[in-house]
Structures are given as structure tokens and as C-alpha cells.
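Asker: Before we start, here is the structure in question, set down as C-alpha cells.
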Amino acid sequence: MGELDRIDGGPRSAIVIGAGVVGLSTAWFLQERGVNVTVVDRAGIAAGASWGNAGWLSPGLSIPLNEPGVLRYGLRTLLDRQAPLHVPPSPDPRLWSFLARFAANCTSRSWTRAVEANAPLNEECLEAFDVLTANGVDAPTIEAPITAAFGTADQAAGLISELRRIEEAGQGISWTRLTAAELAERFPQATARLGAGVRIDGQRYVDPGRFVESLARSVVSRGGTIRHKFEVASLRAYRHALSVRSKTGQTVNANAVVLATGAWLGDLGRKWGVKAPVRAGRGYSFTVPTDRPVPGPLYLPDIRVACTPYREGLRVAGTMEFRKPDARLDPARIAAIIASARPFLTGLDWDGRTDEWVGSRPVTTDGRHVIGATSTPGLYVAGGHGMWGLTHGPITGRLLAEHITTGKQPEALRPFDPLRR
């Protein structure tokens, strides 16, 4: 295979593997810089975590998973199928190695390092959405505070402590305590079991499936190609070019390749020198009818449940389950979310739920994303966003497109080096 043409030393063409919000955002911003883009995906648009997540655009709550308290909580609930964090018994040595490394990073030092890494992305992430929606992506983002609700003011103190620590790390957040009366006034769905709240201002939400589908249409309308059912079998590097081959024998060539395969990043990236481990942290969601409109996103931190207004109902999302990304939906996990949330919410038709869904979020051991160049020239990675792939997807795409086309690593991407161990 000969060399492909390049623009002033940068790539003229790129293949993005993965049609979720991260991959499509990268494709869109590469197009902004004059790169011809082909997106391939093993299934289809938003087939992973991009469709059924809570839809929050929440820089104020992009809190790394490796908070020290998570380790204590996880050990208490390790084998409890009803717990929000669930690790099924498994002989998989890679999973237990991953969890051991994750546990080792559940320290204040590692958590603070992840917070500091996220701060520049949080500062610019909403503006990156505005660029997309002002230039052809016709899915609106809705401004609304996210309200975290607790049984007591003492329980709310844990989140307040985290928010203050994030502020100390350099990120500005606007938040307000809410009394039981103020919480009930804003959310008629809140039962008497909720006695305190914290309102985090300056946040937004979106219909994630609609947004990602619109983003895909925009990529295509700007000259890009999206190929479905393209499961990557091999990737070969040549001088100034790379070749991606599917399991059915299709081949695509380009100057650059971006791995944005979400929870599948670990297997494919490991073959190409990506050192940072990535595992699937599966989340569940469903939609329930409500007897009254819900005014905005509601978070129940003690049971790890996120609720978002969604198509005249309420999307309810929760749980973190460490299983293979292709494993089937476990109805017991849906039942566990309902059992935990029912005492706190009223006016919801739990039995009338629809859109039961499970999707895999790519989780790293140190709470930091995996974004940047690999040891193979022309091969890049964009993933490891955990629960914040939607919030950080567009800003990831914009920064990585700059890196790919200029050859210069933006300062904001330095903490996310894919070659870190």
C-alpha cells in the first residue's frame, strides 16, 4: 500500500473506530480541520453507552470514580446483587487485577490528580456543545441545575465536601444547600424520605440518543462516511498510512486512525501499546411515565441513581456492574434500581417502564481518561471517560483533532496519556 496524501504534514484522511459520542465528536472536529473522515462501528450509531445514559452535561459533577470512600463502600457491597456497585463472582484474572489497581488508586492524592486533570475539560465542555449545535447538530441542550437529594443534611455533607475539594483543585462550581421544604417545592416527586438537597447550577441535559444521531447526520452531511457492522479484525501501520480490516474482509485506509471504542478499548488498544487499563462498567436505565412533569435532573447519590426528564417521562439510570460489555441485560439490576429508588420518589409508574437498557462505560483504574497518541505513528486513542463520556465527548474530540492535525499535544491532554501505566 502506498502513502496517502497529507495536508502540510498532517493527515488528509482519518478512520475513527467507534460511532459513539466521543468518536463522532472527534470525526466532526477533524472535518473542521479539513480531514476526510470515515467512521466504522461494530454495531451502529450510539450502540454503546451513548444512547441510554442519563443525558447529563454536568461539569460540576464530573467527579472521578476513585474517591477514597468508594473503596470502603465497594468492599461492603462486593457480592451484593442489589447494591449499586456489583462485581459478579468471576474467575477472570484481568478483572481482579483491574479492580486491585483501581483500589490502589482510591486515595486522596490520586483522586485529586484526576480532578485537576478534568478541570480544563470541564471549563470548556459546554462551549464545545455550543459549537456543535450552532453548526448543524439539531439536538438542543437544555440548561437546568442538577439537584442532589438526601435523607438528611448530614448525608448531604459528603457531596458538599467533594464539591469543596473540587473547588480547591481549581474548578469553579456554583452550588446551594436546599432544605426539605425547598426540595419538595422544586420536585413534587420527592417523598418525605428526602430531607435535604444540594443544587448544582450551570449544568445542562440532553436527549443523548437524539444528540448522537444528529451528530452522526452532521458528519455525513459534511462529507463523512459511516460504516455499520464493521467489526475490526486487524490494523496495520505503514509509512504515513494505516489500514483497518474488518472480520468480513472489508478494508479502509487512511493517514490516521482513532480508537474510540468505549468499553472495548482495552482489548484493541492493548495490542497497540496502550498501557492504561480500561474495563466495562455497565450501567442500566429505563423510562417511566410520571403523573407530573419533572422540572430537571435529580440525583440520589446514596443509591447512585440519576433521573432525567425524558420524552414526557423520566429516564432512571444507575448501577455500576463489572461484567463483559456484551453480557445480556440482567433484570435483577433493573429491579434493584427500582427497589432502591421507590421510597424516595412518588408519582412514577414503575410498572409502566419502557426502554430497559444496559450499556458499558469505559472505566480506568486511576480515574483519568485515555486520550492521545500511541507508540504507533498515526494511531490515537479517545476513551476511558467512565460516566462522563457524554459531558466530555465533544471537548475530547476538539482537543484530539487539534493534536492529530498539528502534531502538538494540547496542554489539557497531557494527564490523559494512553501510554501511562
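By convention here, the chains of the C-alpha cells are called A, B, ... in the order presented, each chain's residues are numbered starting at 1, and ligands are numbered starting at 1 in the order presented.
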Based on the backbone DSSP call, show me all residues of range 195-288 of chain A assigned alpha helix (DSSP H), as a ChimeraX atom specification.

Answerer: /A:208-221,265-270

Asker: Give me a file of those residues, with N, CA, C and O atoms, as a PDB file, in the first residue's frame.

Answerer:
```
ATOM      1  N   PRO A 208     -29.707  11.978  24.906  1.00  0.00           N
ATOM      2  CA  PRO A 208     -28.414  11.532  24.369  1.00  0.00           C
ATOM      3  C   PRO A 208     -28.517  10.803  23.044  1.00  0.00           C
ATOM      4  O   PRO A 208     -27.681  10.993  22.154  1.00  0.00           O
ATOM      5  N   GLY A 209     -29.535   9.933  22.901  1.00  0.00           N
ATOM      6  CA  GLY A 209     -29.675   9.228  21.627  1.00  0.00           C
ATOM      7  C   GLY A 209     -29.936  10.179  20.481  1.00  0.00           C
ATOM      8  O   GLY A 209     -29.330  10.068  19.411  1.00  0.00           O
ATOM      9  N   ARG A 210     -30.836  11.132  20.700  1.00  0.00           N
ATOM     10  CA  ARG A 210     -31.140  12.110  19.655  1.00  0.00           C
ATOM     11  C   ARG A 210     -29.894  12.934  19.325  1.00  0.00           C
ATOM     12  O   ARG A 210     -29.622  13.208  18.152  1.00  0.00           O
ATOM     13  N   PHE A 211     -29.143  13.321  20.348  1.00  0.00           N
ATOM     14  CA  PHE A 211     -27.958  14.146  20.101  1.00  0.00           C
ATOM     15  C   PHE A 211     -26.933  13.388  19.256  1.00  0.00           C
ATOM     16  O   PHE A 211     -26.399  13.924  18.276  1.00  0.00           O
ATOM     17  N   VAL A 212     -26.647  12.150  19.627  1.00  0.00           N
ATOM     18  CA  VAL A 212     -25.611  11.399  18.915  1.00  0.00           C
ATOM     19  C   VAL A 212     -26.062  11.084  17.489  1.00  0.00           C
ATOM     20  O   VAL A 212     -25.267  11.142  16.541  1.00  0.00           O
ATOM     21  N   GLU A 213     -27.343  10.765  17.314  1.00  0.00           N
ATOM     22  CA  GLU A 213     -27.837  10.521  15.960  1.00  0.00           C
ATOM     23  C   GLU A 213     -27.744  11.784  15.096  1.00  0.00           C
ATOM     24  O   GLU A 213     -27.389  11.716  13.913  1.00  0.00           O
ATOM     25  N   SER A 214     -28.052  12.937  15.681  1.00  0.00           N
ATOM     26  CA  SER A 214     -27.936  14.180  14.935  1.00  0.00           C
ATOM     27  C   SER A 214     -26.481  14.502  14.620  1.00  0.00           C
ATOM     28  O   SER A 214     -26.158  14.987  13.524  1.00  0.00           O
ATOM     29  N   LEU A 215     -25.608  14.216  15.554  1.00  0.00           N
ATOM     30  CA  LEU A 215     -24.174  14.420  15.317  1.00  0.00           C
ATOM     31  C   LEU A 215     -23.702  13.537  14.158  1.00  0.00           C
ATOM     32  O   LEU A 215     -22.929  13.980  13.299  1.00  0.00           O
ATOM     33  N   ALA A 216     -24.188  12.309  14.114  1.00  0.00           N
ATOM     34  CA  ALA A 216     -23.816  11.414  13.006  1.00  0.00           C
ATOM     35  C   ALA A 216     -24.316  11.957  11.676  1.00  0.00           C
ATOM     36  O   ALA A 216     -23.588  11.937  10.670  1.00  0.00           O
ATOM     37  N   ARG A 217     -25.560  12.453  11.650  1.00  0.00           N
ATOM     38  CA  ARG A 217     -26.078  13.024  10.400  1.00  0.00           C
ATOM     39  C   ARG A 217     -25.242  14.218   9.963  1.00  0.00           C
ATOM     40  O   ARG A 217     -25.007  14.420   8.759  1.00  0.00           O
ATOM     41  N   SER A 218     -24.786  15.007  10.915  1.00  0.00           N
ATOM     42  CA  SER A 218     -23.971  16.157  10.584  1.00  0.00           C
ATOM     43  C   SER A 218     -22.632  15.734   9.976  1.00  0.00           C
ATOM     44  O   SER A 218     -22.165  16.324   8.997  1.00  0.00           O
ATOM     45  N   VAL A 219     -22.029  14.688  10.550  1.00  0.00           N
ATOM     46  CA  VAL A 219     -20.769  14.177   9.997  1.00  0.00           C
ATOM     47  C   VAL A 219     -20.970  13.734   8.546  1.00  0.00           C
ATOM     48  O   VAL A 219     -20.150  14.030   7.665  1.00  0.00           O
ATOM     49  N   VAL A 220     -22.066  13.036   8.284  1.00  0.00           N
ATOM     50  CA  VAL A 220     -22.336  12.553   6.924  1.00  0.00           C
ATOM     51  C   VAL A 220     -22.624  13.721   5.986  1.00  0.00           C
ATOM     52  O   VAL A 220     -22.136  13.759   4.846  1.00  0.00           O
ATOM     53  N   SER A 221     -23.407  14.703   6.444  1.00  0.00           N
ATOM     54  CA  SER A 221     -23.754  15.840   5.581  1.00  0.00           C
ATOM     55  C   SER A 221     -22.533  16.665   5.215  1.00  0.00           C
ATOM     56  O   SER A 221     -22.527  17.354   4.190  1.00  0.00           O
ATOM     57  N   LEU A 265     -12.193  -0.681  24.323  1.00  0.00           N
ATOM     58  CA  LEU A 265     -10.893  -0.068  24.070  1.00  0.00           C
ATOM     59  C   LEU A 265      -9.746  -0.897  24.627  1.00  0.00           C
ATOM     60  O   LEU A 265      -8.672  -0.976  24.030  1.00  0.00           O
ATOM     61  N   GLY A 266      -9.967  -1.533  25.780  1.00  0.00           N
ATOM     62  CA  GLY A 266      -8.887  -2.274  26.423  1.00  0.00           C
ATOM     63  C   GLY A 266      -8.304  -3.349  25.533  1.00  0.00           C
ATOM     64  O   GLY A 266      -7.082  -3.439  25.360  1.00  0.00           O
ATOM     65  N   ASP A 267      -9.161  -4.178  24.935  1.00  0.00           N
ATOM     66  CA  ASP A 267      -8.676  -5.294  24.120  1.00  0.00           C
ATOM     67  C   ASP A 267      -7.952  -4.808  22.876  1.00  0.00           C
ATOM     68  O   ASP A 267      -6.862  -5.293  22.546  1.00  0.00           O
ATOM     69  N   LEU A 268      -8.554  -3.862  22.155  1.00  0.00           N
ATOM     70  CA  LEU A 268      -7.946  -3.403  20.911  1.00  0.00           C
ATOM     71  C   LEU A 268      -6.720  -2.530  21.180  1.00  0.00           C
ATOM     72  O   LEU A 268      -5.698  -2.653  20.511  1.00  0.00           O
ATOM     73  N   GLY A 269      -6.824  -1.652  22.167  1.00  0.00           N
ATOM     74  CA  GLY A 269      -5.712  -0.752  22.453  1.00  0.00           C
ATOM     75  C   GLY A 269      -4.487  -1.459  22.986  1.00  0.00           C
ATOM     76  O   GLY A 269      -3.350  -1.058  22.705  1.00  0.00           O
ATOM     77  N   ARG A 270      -4.707  -2.539  23.744  1.00  0.00           N
ATOM     78  CA  ARG A 270      -3.572  -3.260  24.332  1.00  0.00           C
ATOM     79  C   ARG A 270      -2.644  -3.807  23.260  1.00  0.00           C
ATOM     80  O   ARG A 270      -1.422  -3.880  23.453  1.00  0.00           O
TER      81      ARG A 270
END
```

Asker: Near Ser285 in chain A, within 7 Å and counting only C-alpha atoms, which residues show up once chain neighbours fewer than 6 positions away are dropped, as a PyMOL selection string?

Answerer: chain A and resi 52-53+315-318+356-358

Asker: Quick one: residues within 8 Å of range 116-133 of chain A, only C-alpha atoms, excluding same-chain residues fewer than 6 positions away - as JSON, numbers by chain?

Answerer: {"A": [57, 59, 60, 62, 139, 140, 141, 169, 170, 171, 215, 368, 391, 392, 394, 395, 396, 398, 412, 415, 416]}

Asker: Could you tell me, as an NGL selection string, which residues of range 256-403 of chain A DSSP assigns to strand (DSSP E or B) when given the backbone?

Answerer: :A and (256-259 or 278-290 or 298-300 or 305-310 or 313-321 or 345 or 348 or 354-364 or 370-373 or 379-383)

Asker: Using only C-alpha atoms, which of the listed residues (A:Leu348, A:Ile166, A:Ala144, A:Ala341) sits closest to Gln189 in chain A?

Answerer: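 Closest candidate: A:Leu348.
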
Asker: Using only C-alpha atoms, which of A:Arg239, A:Arg164, A:Arg227, A:Arg414 sits nearest Thr251 in chain A?

Answerer: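 Answer, going by the shortest atom-to-atom distance: A:Arg227.
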
Asker: Write out as a PyMOL selection string each polymer residue whose atoms come within 12 Å of range 309-314 of chain A, counting only C-alpha atoms; drop sequence neighbours fewer than 3 positions from it.

Answerer: chain A and resi 52-56+142+144+146+187+189+204-210+285-299+306+317+345-350+352-355

Asker: Just how far from CA of Asn255 in chain A is CA of Leu24 in chain A, in Å to one decimal?

Answerer: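 These atoms are spaced 17.7 Å apart.
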
Asker: For Met387 in chain A, list every protein, DNA or RNA residue within 9 Å, evaluated using only C-alpha atoms, and leave out those in the same chain fewer than 5 positions away; present the list as a list in words.

Answerer: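 My list of contacting residues is Ala49, Asn53, Ser62, Pro64, Leu65, Gly281, Gly283, Arg361, Pro362 and Val363 of chain A.
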
Asker: Please produce an output containing N, CA and C atoms for each residue in the selection, written as a short mmCIF file (atom, residue, chain, number, x, y, z; two decimals), in the first residue's frame.

Answerer:
```
data_model
loop_
_atom_site.label_atom_id
_atom_site.label_comp_id
_atom_site.auth_asym_id
_atom_site.auth_seq_id
_atom_site.Cartn_x
_atom_site.Cartn_y
_atom_site.Cartn_z
N ALA A 49 -22.58 3.08 25.21
CA ALA A 49 -23.08 3.87 26.33
C ALA A 49 -23.70 5.19 25.91
N ASN A 53 -27.65 6.56 28.44
CA ASN A 53 -27.16 7.17 29.67
C ASN A 53 -28.12 8.26 30.14
N SER A 62 -18.61 16.06 37.39
CA SER A 62 -17.68 15.12 36.76
C SER A 62 -16.63 14.72 37.79
N PRO A 64 -14.32 12.07 39.70
CA PRO A 64 -13.69 10.78 39.42
C PRO A 64 -14.25 9.67 40.30
N LEU A 65 -14.30 8.46 39.73
CA LEU A 65 -14.84 7.33 40.46
C LEU A 65 -13.96 6.87 41.61
N GLY A 281 -17.69 -0.78 32.83
CA GLY A 281 -18.53 -0.55 33.99
C GLY A 281 -19.95 -0.37 33.50
N GLY A 283 -23.84 0.21 33.01
CA GLY A 283 -24.92 0.95 33.63
C GLY A 283 -26.25 0.58 33.01
N ARG A 361 -19.81 1.49 30.17
CA ARG A 361 -18.98 2.70 30.26
C ARG A 361 -17.52 2.30 30.44
N PRO A 362 -16.61 2.95 29.73
CA PRO A 362 -15.19 2.57 29.83
C PRO A 362 -14.54 3.20 31.06
N VAL A 363 -14.14 2.38 32.01
CA VAL A 363 -13.61 2.83 33.30
C VAL A 363 -12.11 2.57 33.35
#
```

Asker: Using only C-alpha atoms, can you tell me which of A:Glu143, A:Gly224, A:Ile63, A:Thr107 comes closest to Glu167 in chain A?

Answerer: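 The closest residue to Glu167 in chain A is A:Ile63.
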
Asker: Find the residue from A:Gly249, A:Pro410, A:Ser340, A:Gly393 that sits nearest to Ala83 in chain A; use only C-alpha atoms when measuring.

Answerer: A:Ser340

Asker: Taking only C-alpha atoms into account, which of A:Ala263, A:Ala192, A:Ala241, A:Ile200 comes nearest Arg177 in chain A?

Answerer: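 For Arg177 in chain A, the nearest of the given residues is A:Ile200.
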
Asker: Which residues, written as a ChimeraX atom specification, have at least one atom at most 6 Å from Ala233 in chain A, with only C-alpha atoms counted and residues fewer than 3 positions away on the same chain left out?

Answerer: /A:245-247

Asker: Take the residues just selected and output them with N, CA and C atoms as a PDB file, in the first residue's frame.

Answerer:
```
ATOM      1  N   ARG A 245      -8.898  -3.481   8.815  1.00  0.00           N
ATOM      2  CA  ARG A 245      -9.603  -4.566   8.143  1.00  0.00           C
ATOM      3  C   ARG A 245     -10.677  -5.121   9.063  1.00  0.00           C
ATOM      4  N   SER A 246     -11.870  -5.370   8.519  1.00  0.00           N
ATOM      5  CA  SER A 246     -12.967  -5.915   9.311  1.00  0.00           C
ATOM      6  C   SER A 246     -12.926  -7.438   9.297  1.00  0.00           C
ATOM      7  N   LYS A 247     -13.734  -8.044  10.142  1.00  0.00           N
ATOM      8  CA  LYS A 247     -13.800  -9.506  10.206  1.00  0.00           C
ATOM      9  C   LYS A 247     -14.429 -10.104   8.957  1.00  0.00           C
TER      10      LYS A 247
END
```

Asker: For Leu300 in chain A, which residue among A:Ser110, A:Thr261, A:Thr38, A:Gln155 is the nearest when counting only C-alpha atoms?

Answerer: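 Nearest candidate to Leu300 in chain A out of A:Ser110, A:Thr261, A:Thr38, A:Gln155: A:Gln155.
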
Asker: Neighbours of His369 in chain A within 8 Å (only C-alpha atoms; same-chain residues fewer than 4 positions away dropped), as a PyMOL selection string?

Answerer: chain A and resi 364+382-386+416

Asker: Just the selected residues (C-alpha atoms), exported as an mmCIF file, in the first residue's frame, please.

Answerer:
```cif
data_model
loop_
_atom_site.group_PDB
_atom_site.id
_atom_site.type_symbol
_atom_site.label_atom_id
_atom_site.label_comp_id
_atom_site.auth_asym_id
_atom_site.auth_seq_id
_atom_site.Cartn_x
_atom_site.Cartn_y
_atom_site.Cartn_z
ATOM 1 C CA THR A 364 -9.909 3.352 34.073
ATOM 2 C CA ALA A 382 -10.001 8.529 22.803
ATOM 3 C CA GLY A 383 -11.741 6.749 25.669
ATOM 4 C CA GLY A 384 -11.783 5.804 29.320
ATOM 5 C CA HIS A 385 -14.304 8.504 30.219
ATOM 6 C CA GLY A 386 -16.251 6.419 32.721
ATOM 7 C CA PHE A 416 -4.536 11.531 29.801
#
```

Asker: CA of Pro84 in chain A and CA of Arg101 in chain A, how far apart in Å?

Answerer: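 That distance, rounded to one decimal, is 20.3 Å.
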
Asker: Between range 75-124 of chain A and range 321-328 of chain A, at 8 Å or less, what are the per-residue closest atom pairs and their distances in Å? Count only C-alpha atoms, order by chain and rising residue number, and return it as CSV.

Answerer:
```
residue,atom,partner,partner_atom,distance
A:Pro84,CA,A:Glu321,CA,7.8
A:Leu85,CA,A:Glu321,CA,6.0
A:His86,CA,A:Glu321,CA,4.8
A:Val87,CA,A:Phe322,CA,5.2
A:Pro88,CA,A:Arg323,CA,7.2
```
